[in-house]
Amino acid sequence: MKQKVYIDFDGVIWDSFPVFYNIIREYNYALYERIINKIATKEDNDEVGEILRKYDWKDIFSKSKPIEGSIEGLEELINCNDFEIAILTHCNSHNEVKWKIKTINKYIPGIKLIPVFKPTSKSIAVDPRGAVLIDDYSKNLIEWKNAGGISIKFSSSNNINKDFYSIKSLLQAKDTVKKIITSNEINLAFDNIYAEEEV
Ligand SMILES: [Mg+2]
């Protein structure tokens, strides 16, 4: 069976956040300030969800582009044939799902996209056990790891989060996943040897 690898969309494959911030700033400046200062409350996040739910994603995509290296990185993951790849993305509306599928298929025809409607957790939407999740949002990664998955943090900054494996570009994804899987297999083999010795 192929190793399952799930990849987040916003902030990992697609550079959506600058457009999100512009929309929120125009809509509610105080809310925008709380978001960028990272002091947003749960109510603020719900309001962002409400704003994005009403928005036409055709417009968001016309103003944004893929993150550098993401399409090439995805192609490497797909072409090496060792992995079962799917995009796992939180969505606020059916319009968002439709345009995400349409847009990414222009770059990578046939790629699977699994939408997860908020507030459902990504680790509930699919079976995380033994599967890899590459995501930029730590909350998703914590839930994934706690449910038995392998979490890889995508971050372009130099702040290393010691709780997770990390990559700065999807161009590092294929080698990083292979390294993790190989080291997990070695650990498992050692565990089995010890288990046999104890008998
Ligand atoms: Mg994201």
# chains A, B, ... in the order shown; residues from 1 in each chain; ligands from 1
call {"tool": "residues_near_ligand", "arguments": {"ligand": "ligand 1", "cutoff": "12 Å", "atoms": "only C-alpha atoms and all ligand atoms", "output": "ChimeraX atom specification"}}
result
/A:7-17,20,67,87-91,122,133-141,153-155
call {"tool": "select_by_dssp", "arguments": {"residues": "stretch 1-198 of chain A", "states": "strand (DSSP E or B)", "output": "compact mmCIF listing (two decimals) with N, CA and C atoms, in the first residue's frame"}}
result
# COMPACT_ATOMS: atom_id res chain seq x y z
N GLN A 3 2.12 5.04 0.73
CA GLN A 3 2.06 5.97 1.85
C GLN A 3 1.12 7.12 1.51
N LYS A 4 0.16 7.38 2.40
CA LYS A 4 -0.77 8.50 2.15
C LYS A 4 -0.13 9.83 2.57
N VAL A 5 -0.21 10.81 1.70
CA VAL A 5 0.31 12.15 2.02
C VAL A 5 -0.79 13.17 1.71
N TYR A 6 -1.23 13.89 2.75
CA TYR A 6 -2.23 14.94 2.57
C TYR A 6 -1.55 16.30 2.64
N ILE A 7 -1.96 17.19 1.76
CA ILE A 7 -1.33 18.50 1.70
C ILE A 7 -2.38 19.60 1.81
N ASP A 10 -4.34 26.39 1.39
CA ASP A 10 -4.08 27.82 1.64
C ASP A 10 -2.81 28.01 2.48
N TRP A 14 -1.14 27.38 -2.22
CA TRP A 14 -1.62 28.63 -2.81
C TRP A 14 -1.39 29.81 -1.87
N PRO A 66 0.03 30.47 -7.17
CA PRO A 66 0.62 29.41 -6.35
C PRO A 66 1.85 29.92 -5.59
N PHE A 83 3.70 7.51 -3.29
CA PHE A 83 2.71 8.10 -2.39
C PHE A 83 1.33 8.19 -3.03
N GLU A 84 0.33 8.16 -2.13
CA GLU A 84 -1.03 8.48 -2.55
C GLU A 84 -1.29 9.90 -2.08
N ILE A 85 -1.45 10.81 -3.02
CA ILE A 85 -1.49 12.25 -2.70
C ILE A 85 -2.92 12.78 -2.75
N ALA A 86 -3.27 13.60 -1.76
CA ALA A 86 -4.54 14.34 -1.85
C ALA A 86 -4.36 15.69 -1.16
N ILE A 87 -5.06 16.68 -1.68
CA ILE A 87 -5.09 17.99 -1.03
C ILE A 87 -6.21 17.93 0.01
N LEU A 88 -5.90 18.35 1.23
CA LEU A 88 -6.89 18.32 2.32
C LEU A 88 -7.06 19.76 2.80
N THR A 89 -8.21 20.36 2.46
CA THR A 89 -8.33 21.80 2.69
C THR A 89 -9.63 22.20 3.39
N HIS A 90 -9.50 23.05 4.40
CA HIS A 90 -10.69 23.60 5.05
C HIS A 90 -11.39 24.56 4.10
N CYS A 91 -12.72 24.44 4.02
CA CYS A 91 -13.48 25.31 3.12
C CYS A 91 -14.65 25.92 3.88
N LEU A 113 -8.79 16.49 -4.46
CA LEU A 113 -8.93 17.53 -3.43
C LEU A 113 -10.09 17.15 -2.51
N ILE A 114 -9.79 17.05 -1.22
CA ILE A 114 -10.82 16.69 -0.23
C ILE A 114 -11.16 17.94 0.58
N PRO A 115 -12.38 18.47 0.40
CA PRO A 115 -12.76 19.65 1.20
C PRO A 115 -13.23 19.24 2.59
N VAL A 116 -12.86 20.02 3.58
CA VAL A 116 -13.31 19.77 4.96
C VAL A 116 -14.04 21.03 5.41
N PHE A 117 -15.32 20.88 5.71
CA PHE A 117 -16.08 22.07 6.11
C PHE A 117 -15.87 22.37 7.58
N VAL A 132 0.64 11.12 6.38
CA VAL A 132 1.37 12.39 6.53
C VAL A 132 0.42 13.56 6.25
N LEU A 133 0.54 14.63 7.06
CA LEU A 133 -0.14 15.88 6.76
C LEU A 133 0.89 17.00 6.70
N ILE A 134 0.92 17.71 5.58
CA ILE A 134 1.78 18.90 5.45
C ILE A 134 0.85 20.10 5.54
N ASP A 135 1.05 20.95 6.56
CA ASP A 135 0.11 22.04 6.82
C ASP A 135 0.87 23.21 7.44
N ILE A 150 1.41 11.62 11.02
CA ILE A 150 2.75 12.20 10.96
C ILE A 150 2.59 13.64 10.47
N SER A 151 2.96 14.61 11.32
CA SER A 151 2.73 16.02 11.00
C SER A 151 3.99 16.70 10.50
N ILE A 152 3.87 17.40 9.40
CA ILE A 152 4.99 18.20 8.88
C ILE A 152 4.53 19.65 8.75
N LYS A 153 5.26 20.53 9.46
CA LYS A 153 4.90 21.95 9.45
C LYS A 153 5.52 22.64 8.24
N PHE A 154 4.66 23.33 7.47
CA PHE A 154 5.14 24.14 6.35
C PHE A 154 5.27 25.56 6.86
N TYR A 165 8.17 17.85 12.40
CA TYR A 165 9.12 17.93 11.29
C TYR A 165 8.76 19.22 10.54
N SER A 166 9.70 19.80 9.81
CA SER A 166 9.32 21.03 9.11
C SER A 166 9.96 21.14 7.73
N ILE A 167 9.26 21.85 6.84
CA ILE A 167 9.80 22.17 5.52
C ILE A 167 9.47 23.64 5.20
call {"tool": "select_by_dssp", "arguments": {"residues": "stretch 49-134 of chain A", "states": "helix (DSSP H, G or I)", "output": "VMD selection string"}}
result
chain A and resid 49 to 54 57 to 62 70 to 79 94 to 107 122 to 125
call {"tool": "write_last_selection", "arguments": {"atoms": "C-alpha atoms", "output": "compact mmCIF listing (two decimals), in the first residue's frame"}}
result
# COMPACT_ATOMS: atom_id res chain seq x y z
CA GLY A 49 -15.34 32.57 8.05
CA GLU A 50 -18.58 34.51 7.47
CA ILE A 51 -16.83 37.09 5.27
CA LEU A 52 -15.10 34.41 3.19
CA ARG A 53 -18.31 32.39 2.88
CA LYS A 54 -19.94 35.29 1.02
CA TRP A 57 -13.50 32.54 -5.00
CA LYS A 58 -13.22 33.21 -8.70
CA ASP A 59 -12.19 36.71 -7.66
CA ILE A 60 -9.75 35.44 -4.98
CA PHE A 61 -8.03 33.23 -7.56
CA SER A 62 -7.84 36.04 -10.10
CA SER A 70 4.52 24.33 -4.78
CA ILE A 71 3.39 23.03 -8.16
CA GLU A 72 6.82 21.54 -8.91
CA GLY A 73 6.94 20.02 -5.40
CA LEU A 74 3.51 18.43 -5.87
CA GLU A 75 4.57 17.04 -9.25
CA GLU A 76 7.66 15.47 -7.66
CA LEU A 77 5.51 13.81 -4.98
CA ILE A 78 3.10 12.47 -7.61
CA ASN A 79 5.72 11.38 -10.16
CA HIS A 94 -19.33 25.29 -2.07
CA ASN A 95 -18.17 28.17 -4.24
CA GLU A 96 -14.75 27.85 -2.56
CA VAL A 97 -14.65 24.06 -3.20
CA LYS A 98 -15.64 24.51 -6.84
CA TRP A 99 -12.98 27.12 -7.61
CA LYS A 100 -10.24 25.34 -5.66
CA ILE A 101 -10.83 22.13 -7.67
CA LYS A 102 -11.09 24.02 -10.95
CA THR A 103 -7.95 26.08 -10.35
CA ILE A 104 -5.59 23.36 -9.08
CA ASN A 105 -6.69 21.05 -11.90
CA LYS A 106 -5.41 23.60 -14.41
CA TYR A 107 -1.94 23.06 -12.95
CA LYS A 122 -8.99 17.40 9.27
CA SER A 123 -8.10 14.48 11.52
CA ILE A 124 -11.77 13.47 11.64
CA ALA A 125 -12.47 14.01 7.92
call {"tool": "closest_residue", "arguments": {"among": "A:Asn187, A:Ala40, A:Glu68, A:Trp144", "to": "A:Lys168", "atoms": "only C-alpha atoms"}}
result
A:Glu68
call {"tool": "atom_distance", "arguments": {"atom1": "atom CA of A:Ala147", "atom2": "atom CA of A:Asp127"}}
result
8.6 Å
call {"tool": "closest_residue", "arguments": {"among": "A:Asn45, A:Ser169, A:Thr182, A:Thr120", "to": "A:Tyr32", "atoms": "only C-alpha atoms"}}
result
A:Asn45
call {"tool": "closest_residue", "arguments": {"among": "A:Ser156, A:Asp56, A:Leu171, A:Tyr29", "to": "A:Asp44", "atoms": "only C-alpha atoms"}}
result
A:Tyr29
call {"tool": "atom_distance", "arguments": {"atom1": "atom CA of A:Phe190", "atom2": "atom CA of A:Met1"}}
result
21.7 Å
call {"tool": "atom_distance", "arguments": {"atom1": "atom CA of A:Glu143", "atom2": "atom CA of A:Lys118"}}
result
14.4 Å
